[in-house]
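Novice: Below you'll find my_file.csv; it's CSV, N, CA and C atoms.
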```
chain,number,residue,atom,x,y,z
A,6,MET,N,-15.2,-36.4,5.5
A,6,MET,CA,-14.6,-35.5,4.5
A,6,MET,C,-14.7,-34.0,5.0
A,7,ILE,N,-15.7,-33.7,5.8
A,7,ILE,CA,-15.8,-32.4,6.4
A,7,ILE,C,-14.6,-32.1,7.3
A,8,VAL,N,-14.2,-33.1,8.1
A,8,VAL,CA,-13.1,-32.9,9.0
A,8,VAL,C,-11.8,-32.7,8.3
A,9,SER,N,-11.6,-33.3,7.2
A,9,SER,CA,-10.4,-33.1,6.4
A,9,SER,C,-10.4,-31.7,5.8
A,10,CYS,N,-11.5,-31.1,5.7
A,10,CYS,CA,-11.5,-29.7,5.2
A,10,CYS,C,-11.5,-28.7,6.3
A,11,LEU,N,-12.0,-29.0,7.5
A,11,LEU,CA,-12.1,-28.1,8.6
A,11,LEU,C,-10.7,-28.0,9.3
A,12,ILE,N,-10.0,-29.0,9.4
A,12,ILE,CA,-8.7,-29.0,10.1
A,12,ILE,C,-7.7,-28.0,9.4
A,13,PRO,N,-7.5,-28.0,8.1
A,13,PRO,CA,-6.6,-27.0,7.5
A,13,PRO,C,-7.2,-25.6,7.6
A,14,LEU,N,-8.5,-25.5,7.5
A,14,LEU,CA,-9.1,-24.1,7.6
A,14,LEU,C,-8.9,-23.5,8.9
A,15,VAL,N,-9.1,-24.3,10.0
A,15,VAL,CA,-8.9,-23.8,11.3
A,15,VAL,C,-7.4,-23.5,11.6
A,16,LEU,N,-6.5,-24.3,11.1
A,16,LEU,CA,-5.1,-24.1,11.3
A,16,LEU,C,-4.7,-22.8,10.5
A,17,CYS,N,-5.3,-22.6,9.4
A,17,CYS,CA,-5.0,-21.4,8.6
A,17,CYS,C,-5.5,-20.1,9.3
A,18,LEU,N,-6.7,-20.2,9.9
A,18,LEU,CA,-7.2,-19.0,10.6
A,18,LEU,C,-6.4,-18.8,11.9
A,19,ILE,N,-6.0,-19.8,12.6
A,19,ILE,CA,-5.1,-19.6,13.8
A,19,ILE,C,-3.8,-19.0,13.4
A,20,ALA,N,-3.2,-19.5,12.3
A,20,ALA,CA,-1.9,-18.9,11.8
A,20,ALA,C,-2.1,-17.4,11.4
A,21,ALA,N,-3.3,-17.1,10.8
A,21,ALA,CA,-3.5,-15.7,10.5
A,21,ALA,C,-3.6,-14.8,11.7
A,22,ILE,N,-4.2,-15.3,12.8
A,22,ILE,CA,-4.3,-14.5,14.0
A,22,ILE,C,-2.9,-14.4,14.6
A,23,ILE,N,-2.1,-15.4,14.6
A,23,ILE,CA,-0.8,-15.3,15.2
A,23,ILE,C,0.1,-14.3,14.3
A,24,THR,N,-0.1,-14.4,13.0
A,24,THR,CA,0.7,-13.5,12.1
A,24,THR,C,0.4,-12.0,12.4
A,25,THR,N,-0.9,-11.7,12.5
A,25,THR,CA,-1.3,-10.3,12.6
A,25,THR,C,-1.1,-9.8,14.0
A,26,GLY,N,-1.0,-10.7,15.0
A,26,GLY,CA,-0.8,-10.3,16.4
A,26,GLY,C,0.6,-10.2,16.9
A,27,THR,N,1.6,-10.5,16.1
A,27,THR,CA,3.0,-10.5,16.6
A,27,THR,C,3.6,-9.2,16.2
A,28,ASP,N,4.6,-8.8,17.0
A,28,ASP,CA,5.4,-7.6,16.8
A,28,ASP,C,6.6,-8.0,15.9
A,29,ARG,N,6.8,-7.3,14.8
A,29,ARG,CA,7.9,-7.7,13.9
A,29,ARG,C,9.2,-7.0,14.2
A,30,ARG,N,9.3,-6.1,15.2
A,30,ARG,CA,10.5,-5.4,15.5
A,30,ARG,C,11.4,-6.0,16.5
A,31,THR,N,10.9,-7.0,17.2
A,31,THR,CA,11.7,-7.7,18.2
A,31,THR,C,11.8,-9.2,18.0
A,32,LEU,N,12.5,-9.8,18.8
A,32,LEU,CA,12.7,-11.3,18.7
A,32,LEU,C,11.4,-12.0,18.9
A,33,ASP,N,10.4,-11.3,19.6
A,33,ASP,CA,9.1,-11.9,19.8
A,33,ASP,C,8.3,-12.1,18.5
A,34,GLY,N,8.8,-11.4,17.5
A,34,GLY,CA,8.1,-11.4,16.2
A,34,GLY,C,8.5,-12.6,15.3
A,35,ILE,N,9.4,-13.5,15.8
A,35,ILE,CA,9.8,-14.7,15.1
A,35,ILE,C,8.6,-15.6,14.7
A,36,PRO,N,7.6,-15.8,15.6
A,36,PRO,CA,6.5,-16.7,15.2
A,36,PRO,C,5.7,-16.1,14.1
A,37,GLY,N,5.7,-14.8,13.8
A,37,GLY,CA,4.9,-14.2,12.8
A,37,GLY,C,5.2,-14.8,11.4
A,38,PRO,N,6.4,-14.7,10.9
A,38,PRO,CA,6.7,-15.3,9.6
A,38,PRO,C,6.5,-16.8,9.5
A,39,LEU,N,6.8,-17.5,10.6
A,39,LEU,CA,6.6,-19.0,10.6
A,39,LEU,C,5.1,-19.3,10.5
A,40,ALA,N,4.3,-18.5,11.3
A,40,ALA,CA,2.9,-18.7,11.2
A,40,ALA,C,2.3,-18.4,9.8
A,41,ALA,N,2.9,-17.4,9.1
A,41,ALA,CA,2.5,-17.1,7.8
A,41,ALA,C,2.8,-18.2,6.8
A,42,ILE,N,4.0,-18.8,7.0
A,42,ILE,CA,4.3,-20.0,6.1
A,42,ILE,C,3.4,-21.1,6.4
A,43,VAL,N,3.1,-21.4,7.6
A,43,VAL,CA,2.2,-22.5,8.0
A,43,VAL,C,0.8,-22.2,7.5
A,44,GLY,N,0.4,-21.0,7.6
A,44,GLY,CA,-0.9,-20.6,7.1
A,44,GLY,C,-1.1,-20.8,5.6
A,45,VAL,N,-0.1,-20.4,4.8
A,45,VAL,CA,-0.2,-20.6,3.4
A,45,VAL,C,-0.2,-22.1,3.0
A,46,GLY,N,0.6,-22.9,3.8
A,46,GLY,CA,0.6,-24.3,3.5
A,46,GLY,C,-0.8,-24.9,3.9
A,47,CYS,N,-1.4,-24.5,5.0
A,47,CYS,CA,-2.7,-25.0,5.3
A,47,CYS,C,-3.8,-24.5,4.4
A,48,LEU,N,-3.6,-23.3,3.8
A,48,LEU,CA,-4.6,-22.8,2.8
A,48,LEU,C,-4.5,-23.7,1.6
A,49,ILE,N,-3.3,-24.0,1.1
A,49,ILE,CA,-3.2,-24.9,0.0
A,49,ILE,C,-3.8,-26.3,0.3
A,50,TRP,N,-3.5,-26.8,1.5
A,50,TRP,CA,-4.1,-28.1,1.9
A,50,TRP,C,-5.6,-28.0,1.9
A,51,PHE,N,-6.2,-26.9,2.4
A,51,PHE,CA,-7.6,-26.7,2.4
A,51,PHE,C,-8.2,-26.7,1.0
A,52,VAL,N,-7.6,-26.0,0.1
A,52,VAL,CA,-8.1,-26.0,-1.3
A,52,VAL,C,-8.0,-27.3,-2.0
A,53,ALA,N,-6.9,-28.0,-1.6
A,53,ALA,CA,-6.8,-29.4,-2.2
A,53,ALA,C,-7.7,-30.4,-1.7
A,54,ALA,N,-8.1,-30.2,-0.4
A,54,ALA,CA,-8.9,-31.2,0.2
A,54,ALA,C,-10.4,-31.0,0.1
A,55,CYS,N,-10.8,-29.7,-0.1
A,55,CYS,CA,-12.3,-29.5,-0.2
A,55,CYS,C,-12.9,-29.9,-1.5
A,56,PRO,N,-14.2,-30.2,-1.5
A,56,PRO,CA,-14.8,-30.7,-2.7
A,56,PRO,C,-15.0,-29.5,-3.7
A,57,TRP,N,-15.3,-29.8,-4.9
A,57,TRP,CA,-15.4,-28.8,-6.0
A,57,TRP,C,-16.5,-27.8,-5.7
A,58,PRO,N,-17.7,-28.1,-5.1
A,58,PRO,CA,-18.7,-27.0,-4.9
A,58,PRO,C,-18.1,-25.9,-3.9
A,59,VAL,N,-17.3,-26.3,-3.0
A,59,VAL,CA,-16.8,-25.4,-2.1
A,59,VAL,C,-15.7,-24.5,-2.8
A,60,LYS,N,-14.9,-25.1,-3.6
A,60,LYS,CA,-14.0,-24.3,-4.4
A,60,LYS,C,-14.7,-23.3,-5.3
A,61,LEU,N,-15.8,-23.8,-6.0
A,61,LEU,CA,-16.6,-22.9,-6.8
A,61,LEU,C,-17.2,-21.7,-6.0
A,62,ALA,N,-17.7,-22.0,-4.9
A,62,ALA,CA,-18.2,-21.0,-4.0
A,62,ALA,C,-17.2,-20.0,-3.6
A,63,LEU,N,-16.0,-20.5,-3.3
A,63,LEU,CA,-14.9,-19.6,-2.9
A,63,LEU,C,-14.5,-18.6,-4.1
A,64,VAL,N,-14.5,-19.2,-5.3
A,64,VAL,CA,-14.1,-18.4,-6.4
A,64,VAL,C,-15.2,-17.3,-6.7
A,65,VAL,N,-16.5,-17.6,-6.5
A,65,VAL,CA,-17.5,-16.7,-6.7
A,65,VAL,C,-17.5,-15.6,-5.6
A,66,VAL,N,-17.2,-16.0,-4.4
A,66,VAL,CA,-17.1,-15.0,-3.3
A,66,VAL,C,-15.9,-14.0,-3.6
A,67,VAL,N,-14.8,-14.6,-4.0
A,67,VAL,CA,-13.6,-13.7,-4.3
A,67,VAL,C,-13.9,-12.7,-5.4
A,68,LEU,N,-14.6,-13.2,-6.5
A,68,LEU,CA,-15.0,-12.4,-7.6
A,68,LEU,C,-15.9,-11.3,-7.2
A,69,VAL,N,-16.9,-11.6,-6.4
A,69,VAL,CA,-17.9,-10.6,-6.0
A,69,VAL,C,-17.3,-9.6,-5.1
A,70,LEU,N,-16.5,-10.0,-4.1
A,70,LEU,CA,-15.9,-9.1,-3.2
A,70,LEU,C,-14.8,-8.2,-3.9
A,71,GLY,N,-14.1,-8.8,-4.8
A,71,GLY,CA,-13.1,-8.1,-5.6
A,71,GLY,C,-13.8,-7.0,-6.5
A,72,LYS,N,-15.0,-7.3,-7.0
A,72,LYS,CA,-15.7,-6.3,-7.8
A,72,LYS,C,-16.2,-5.2,-6.9
A,73,GLN,N,-16.7,-5.5,-5.8
A,73,GLN,CA,-17.1,-4.4,-4.8
A,73,GLN,C,-16.0,-3.6,-4.4
A,74,PHE,N,-14.8,-4.2,-4.1
A,74,PHE,CA,-13.7,-3.5,-3.6
A,74,PHE,C,-13.1,-2.5,-4.7
A,75,LEU,N,-13.1,-3.0,-5.9
A,75,LEU,CA,-12.6,-2.2,-7.0
A,75,LEU,C,-13.6,-1.1,-7.3
A,76,GLN,N,-14.9,-1.3,-7.2
A,76,GLN,CA,-15.8,-0.2,-7.4
A,76,GLN,C,-15.7,0.9,-6.4
A,77,ASN,N,-15.4,0.5,-5.2
A,77,ASN,CA,-15.2,1.5,-4.1
A,77,ASN,C,-13.9,2.3,-4.4
A,78,ILE,N,-12.9,1.7,-4.9
A,78,ILE,CA,-11.6,2.4,-5.2
A,78,ILE,C,-11.8,3.3,-6.3
A,79,LEU,N,-12.5,2.9,-7.4
A,79,LEU,CA,-12.7,3.7,-8.5
A,79,LEU,C,-13.7,4.9,-8.2
A,80,LYS,N,-14.6,4.8,-7.3
A,80,LYS,CA,-15.5,5.9,-6.9
A,80,LYS,C,-14.7,6.9,-6.2
A,81,LEU,N,-13.7,6.5,-5.4
A,81,LEU,CA,-12.9,7.5,-4.6
A,81,LEU,C,-12.0,8.2,-5.5
A,82,GLY,N,-11.5,7.6,-6.6
A,82,GLY,CA,-10.4,8.2,-7.4
A,82,GLY,C,-11.0,9.1,-8.5
```
Show me this structure written as structure tokens.

Specialist:
Amino acid sequence: MIVSCLIPLVLCLIAAIITTGTDRRTLDGIPGPLAAIVGVGCLIWFVAACPWPVKLALVVVVLVLGKQFLQNILKLG
């Protein structure tokens, strides 16, 4: 079961690296949007394949990081 969760996570991370590392102004930037589409698909696959404690942990991490990020924005404004 761990392998079925790690494969889409690794593919999603590789796709994110490809997406952020390509130039969008030339024809060499074609892999960027394709990698983004593959990355989103793998992220959906990861969330569907991982067990519920991992999903719960991801939700908690997003909520905590979101709260910290919003507090930093509100302090600056």

Novice: Just the number, please: distance in Å from atom CA of Ile23 of chain A to atom CA of Ile35 of chain A, one decimal.

Specialist: 10.6 Å

Novice: Atom C of Ile42 of chain A and atom C of Ser9 of chain A are how many Å apart?

Specialist: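 Taking atom C of Ile42 of chain A as the start and atom C of Ser9 of chain A as the end point, the length is 17.4 Å.
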
Novice: What does the distance from atom CA of Val65 of chain A to atom N of Ile22 of chain A come to in Å, to one decimal?

Specialist: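 So the two atoms, atom CA of Val65 of chain A and atom N of Ile22 of chain A, lie 23.6 Å apart.
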
Novice: Determine the nearest neighbour of Gly37 of chain A from the options A:Cys10, A:Ala54, A:Ala20, A:Leu75, counting only N, CA and C atoms.

Specialist: A:Ala20
